[in-house]
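For reference, the structure discussed in these notes is given below.
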Amino acid sequence: MAIEQTHVNFDHSRFSKGLARGLAGALLFALPMFLTMEMWELGLYIDRSRLLLLLLVNIPLLILLARRIGFENISTWHEAVRDASIAYFLGLLASAFVLSALGVLSVGHALPEAAGMIAIQTVPASIGALLGRSELGGRDDDDEDAQDPLDDDAQSGYGGELFMMAVGALFLGLNVAPTEEMILISFKMSAWHAIALIISSIVLMHGFVYALSFSGGHELEEGTPVWHALIRFTLPGYAVAFAISFYCLWTFHRLDGIELTQAIMSTVVLAFPSAIGAAAARLIL
Amino acid sequence: MAKPSKSRSIESGDGHWIEWLTGSVSAIAVIALIGWVGFEAATQSDGAPDLSVKTISSASRDGGYLVMFDVENAADRTAADVVVRGEITAGNTVVETVEITLDYVPMHSRTRAGLIFRNEPAGRSRIFATGFSEP
């Protein structure tokens, strides 16, 4: 690997390895969604304008993600766009392949149905493809520190930190958002449960990043009070996770015809995994 | 997936004003969220779901008459497995009965559904909820 990286010219084996990693990442990260019944059904009945919005939102998301944690040492937007397109396509390929292999998708399906089913799965799969290309590939690189974009001060700013939290929230949130359990739990619990869940989400988020000594965790500079990091990072992170959760539920028609308080309760339920995903993203990505 | 080689990042002591602005806005939003849910928790009543059915439209279709309706739940509790029955009566006898089960009718929310009658329902039909379970 280290030798290959010294090549300046196009390297076919390296490129195909990257594609394979992307596919592996798409499978690894999107498999829970491929195997979720609600996702198949959603592909049939999801409002096409919401699906379109989801597919469009995914484009800048992938580009920013590629720019930040791309497979190779991405230095230009041009390359980021290229990587994002490849990841999008790999996601499409992976979802079409897996859905056909599972027998969910068959030749008998009308084109709009099949397109909807594939399209909705493409979004998580493409994020997985992009993450797979960098995360799976990054491990066996000896000189990983040299190409870790997090070391680049210009890219690890405050906005970048919030963006990574959004990606983490989207990631874990998307996996469970389509399931019926999200709304069922919110129907079962009382408002007091919801308050307890909000507070525990925030405490867990904070603990994940600052208290537990995971590698990649964050530490505060000497003499900085704990509440500084809580205000500056954890609470905005929770707000991001909450917003992402709300968007996911709305996209998946889980909030249709539902009164505001009940919608907030459902969002609080989904914000729990999303918040943990957001915190984990700060450690991992 | 943690990268063992990555060092722990250290947050600087005093952040940029943008960080504090974002932080303050988020803190207010989170407090407002907890406040709102807390207010709901304090004021919610424990009564049973209160279901009512409102007919939206009625149209003739191939092989039947489609009647769309909303089931509204005015209470603070969600109803699950709501059974809605539609009947067409002629005098004292019930001519036709159709039934549907709705997964959920959440609190203060409405769920839309449709029933298909084979006889003309205009003026002699009624649609009502017959039962539910707690989720």
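Starting from 1 in every chain, residues are counted up; chains themselves are A, B, ... following the order of the structure tokens, and ligands are numbered from 1 as listed.
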Checklist entry - If you count only C-alpha atoms, which residues fall within 12 Å of B:Ala122, apart from same-chain ones fewer than 2 positions away, as a PyMOL selection string? => result chain B and resi 55+57-60+65-67+87-90+117-120+124-126
Next on the checklist: as a PyMOL selection string, please: every residue in chain B that DSSP puts in strand (DSSP E).
Outcome noted: chain B and resi 9-11+51-61+64-73+79-90+93-105+110-117+125-133
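Atom CA of A:Ile120 lies 28.7 Å from atom CA of B:Asp70.
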Item to check | For stretch 178-180 of chain A: contacts at 10 Å, only C-alpha atoms, fewer than 6 positions along chain excluded, given as number ranges by chain | outcome: A: 33, 36-42, 248-249, 251-254
Next, dump the selected residues to file, keeping only all heavy atoms, as a CSV table (one decimal), in the first residue's frame.
chain,number,residue,atom,x,y,z
A,33,MET,N,-30.7,-1.7,6.3
A,33,MET,CA,-31.8,-1.1,5.7
A,33,MET,C,-32.3,-1.9,4.5
A,33,MET,O,-33.5,-2.0,4.2
A,33,MET,CB,-31.4,0.3,5.2
A,33,MET,CG,-30.9,1.2,6.3
A,33,MET,SD,-30.8,2.9,5.8
A,33,MET,CE,-32.5,3.3,5.8
A,36,THR,N,-34.8,-4.3,5.8
A,36,THR,CA,-35.9,-3.8,6.5
A,36,THR,C,-37.2,-3.7,5.6
A,36,THR,O,-37.1,-3.0,4.6
A,36,THR,CB,-35.6,-2.4,7.1
A,36,THR,OG1,-34.5,-2.5,7.9
A,36,THR,CG2,-36.7,-1.8,7.9
A,37,MET,N,-38.2,-4.3,6.1
A,37,MET,CA,-39.4,-4.4,5.3
A,37,MET,C,-40.0,-3.0,5.0
A,37,MET,O,-40.5,-2.7,3.9
A,37,MET,CB,-40.5,-5.2,6.0
A,37,MET,CG,-41.7,-5.6,5.3
A,37,MET,SD,-42.7,-6.8,6.2
A,37,MET,CE,-43.3,-5.8,7.6
A,38,GLU,N,-40.0,-2.1,6.0
A,38,GLU,CA,-40.6,-0.8,5.9
A,38,GLU,C,-39.9,0.0,4.7
A,38,GLU,O,-40.5,0.8,4.0
A,38,GLU,CB,-40.5,0.0,7.2
A,38,GLU,CG,-41.5,-0.4,8.2
A,38,GLU,CD,-40.9,-1.4,9.1
A,38,GLU,OE1,-40.0,-2.1,8.8
A,38,GLU,OE2,-41.5,-1.6,10.3
A,39,MET,N,-38.6,-0.3,4.5
A,39,MET,CA,-37.9,0.4,3.5
A,39,MET,C,-38.4,0.0,2.1
A,39,MET,O,-38.5,0.8,1.2
A,39,MET,CB,-36.4,0.2,3.6
A,39,MET,CG,-35.7,1.0,4.6
A,39,MET,SD,-35.8,2.8,4.4
A,39,MET,CE,-34.5,3.1,3.2
A,40,TRP,N,-38.7,-1.3,2.0
A,40,TRP,CA,-39.2,-1.8,0.7
A,40,TRP,C,-40.5,-1.1,0.4
A,40,TRP,O,-40.8,-0.6,-0.7
A,40,TRP,CB,-39.4,-3.3,0.7
A,40,TRP,CG,-38.3,-4.1,1.2
A,40,TRP,CD1,-37.0,-3.7,1.2
A,40,TRP,CD2,-38.3,-5.4,1.7
A,40,TRP,NE1,-36.2,-4.7,1.8
A,40,TRP,CE2,-37.0,-5.8,2.1
A,40,TRP,CE3,-39.4,-6.3,1.9
A,40,TRP,CZ2,-36.7,-7.0,2.7
A,40,TRP,CZ3,-39.1,-7.5,2.5
A,40,TRP,CH2,-37.8,-7.9,2.9
A,41,GLU,N,-41.4,-1.1,1.4
A,41,GLU,CA,-42.7,-0.5,1.2
A,41,GLU,C,-42.6,1.0,1.0
A,41,GLU,O,-43.4,1.5,0.2
A,41,GLU,CB,-43.6,-0.8,2.5
A,41,GLU,CG,-43.9,-2.3,2.6
A,41,GLU,CD,-44.3,-2.6,4.0
A,41,GLU,OE1,-44.4,-1.7,4.9
A,41,GLU,OE2,-44.6,-3.8,4.3
A,42,LEU,N,-41.7,1.6,1.7
A,42,LEU,CA,-41.6,3.1,1.5
A,42,LEU,C,-41.2,3.4,0.0
A,42,LEU,O,-41.7,4.4,-0.5
A,42,LEU,CB,-40.4,3.6,2.4
A,42,LEU,CG,-40.9,4.2,3.7
A,42,LEU,CD1,-39.6,4.4,4.6
A,42,LEU,CD2,-41.5,5.6,3.4
A,248,CYS,N,-35.7,13.0,8.8
A,248,CYS,CA,-35.9,11.6,8.4
A,248,CYS,C,-37.3,11.1,8.6
A,248,CYS,O,-37.9,10.5,7.7
A,248,CYS,CB,-35.0,10.7,9.3
A,248,CYS,SG,-33.2,10.8,8.9
A,249,LEU,N,-37.9,11.4,9.7
A,249,LEU,CA,-39.3,11.0,10.0
A,249,LEU,C,-40.2,11.6,9.0
A,249,LEU,O,-41.1,11.0,8.5
A,249,LEU,CB,-39.6,11.3,11.4
A,249,LEU,CG,-39.0,10.5,12.5
A,249,LEU,CD1,-39.4,11.0,13.9
A,249,LEU,CD2,-39.4,9.0,12.4
A,251,THR,N,-39.5,12.6,6.0
A,251,THR,CA,-39.3,12.0,4.7
A,251,THR,C,-40.0,10.7,4.6
A,251,THR,O,-40.5,10.3,3.5
A,251,THR,CB,-37.8,11.8,4.4
A,251,THR,OG1,-37.1,13.1,4.5
A,251,THR,CG2,-37.5,11.2,3.1
A,252,PHE,N,-40.0,9.9,5.7
A,252,PHE,CA,-40.5,8.6,5.6
A,252,PHE,C,-42.0,8.6,6.0
A,252,PHE,O,-42.6,7.5,6.4
A,252,PHE,CB,-39.7,7.7,6.6
A,252,PHE,CG,-38.3,7.4,6.1
A,252,PHE,CD1,-37.3,7.1,7.0
A,252,PHE,CD2,-38.0,7.5,4.8
A,252,PHE,CE1,-36.0,6.9,6.6
A,252,PHE,CE2,-36.7,7.3,4.4
A,252,PHE,CZ,-35.7,7.0,5.3
A,253,HIS,N,-42.7,9.7,6.0
A,253,HIS,CA,-44.1,9.8,6.2
A,253,HIS,C,-44.5,9.4,7.6
A,253,HIS,O,-45.6,8.9,7.8
A,253,HIS,CB,-44.9,9.0,5.2
A,253,HIS,CG,-44.8,9.5,3.8
A,253,HIS,ND1,-45.7,10.4,3.3
A,253,HIS,CD2,-43.9,9.3,2.8
A,253,HIS,CE1,-45.4,10.7,2.0
A,253,HIS,NE2,-44.3,10.0,1.7
A,254,ARG,N,-43.7,9.5,8.5
A,254,ARG,CA,-44.0,9.1,9.9
A,254,ARG,C,-44.7,10.2,10.7
A,254,ARG,O,-45.2,10.0,11.7
A,254,ARG,CB,-42.8,8.6,10.7
A,254,ARG,CG,-42.2,7.3,10.2
A,254,ARG,CD,-43.3,6.2,10.3
A,254,ARG,NE,-42.7,4.9,10.1
A,254,ARG,CZ,-43.4,3.8,9.9
A,254,ARG,NH1,-44.7,3.9,9.9
A,254,ARG,NH2,-42.8,2.7,9.8
Next on the checklist: What's the separation between atom CA of A:Leu255 and atom CA of A:Thr267, in Å to one decimal place?
Outcome noted: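 If I compute the distance from atom CA of A:Leu255 to atom CA of A:Thr267, I get 9.2 Å.
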Item to check | Exercise: stretch 167-169 of chain A partners within 12 Å, only C-alpha atoms, chain neighbours under 3 positions left out, as a ChimeraX atom specification | outcome: /A:29,58,60-62,64-66,68-69,124,127-128,130-131,160-164,172-177,205,237-248,270-285
Checklist entry - Near stretch 15-22 of chain B, counting only C-alpha atoms, which residues have an atom at most 12 Å away, once you skip same-chain residues fewer than 3 positions from it, shown as a PyMOL selection string? => result (chain A and resi 157-159+161-162+220-221+224+227-240) or (chain B and resi 10-12+25-29)
Item to check | Residue with smallest distance to A:Val209 - pool A:Ile86, A:Met165, A:Leu55, A:Leu170, counting only C-alpha atoms | outcome: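 Looking only at the distances to A:Val209, the closest residue turns out to be A:Met165.
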Checklist outcome for this item: For A:Leu56, the closest of A:Thr122, A:Ser16, A:Ser134, A:Ser266 counting only C-alpha atoms is A:Thr122
Next on the checklist: Which residues are close to A:Thr76, i.e. within 10 Å by only C-alpha atoms, leaving aside same-chain residues fewer than 4 positions away? Reply as a ChimeraX atom specification.
Outcome noted: /A:67,80-81
Item to check | Point-to-point distance in Å for atom CA of A:Ala101 and atom CA of A:Glu181 | outcome: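 About the pair atom CA of A:Glu181 and atom CA of A:Ala101: they are 26.4 Å apart.
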Item to check | Contacts of stretch 72-78 of chain B within 10 Å, only C-alpha atoms, excl. fewer than 3 positions in-chain, as a ChimeraX atom specification | outcome: /A:184,186-188,190,257,262 /B:40,43-54,69,104-112,132-135
Item to check | Sel. of alpha helix (DSSP H) residues, stretch 45-252 of chain A, as number ranges by chain | outcome: A: 45, 48-69, 77-101, 111-138, 144-147, 158-176, 181-188, 191-206, 226-229, 235-251
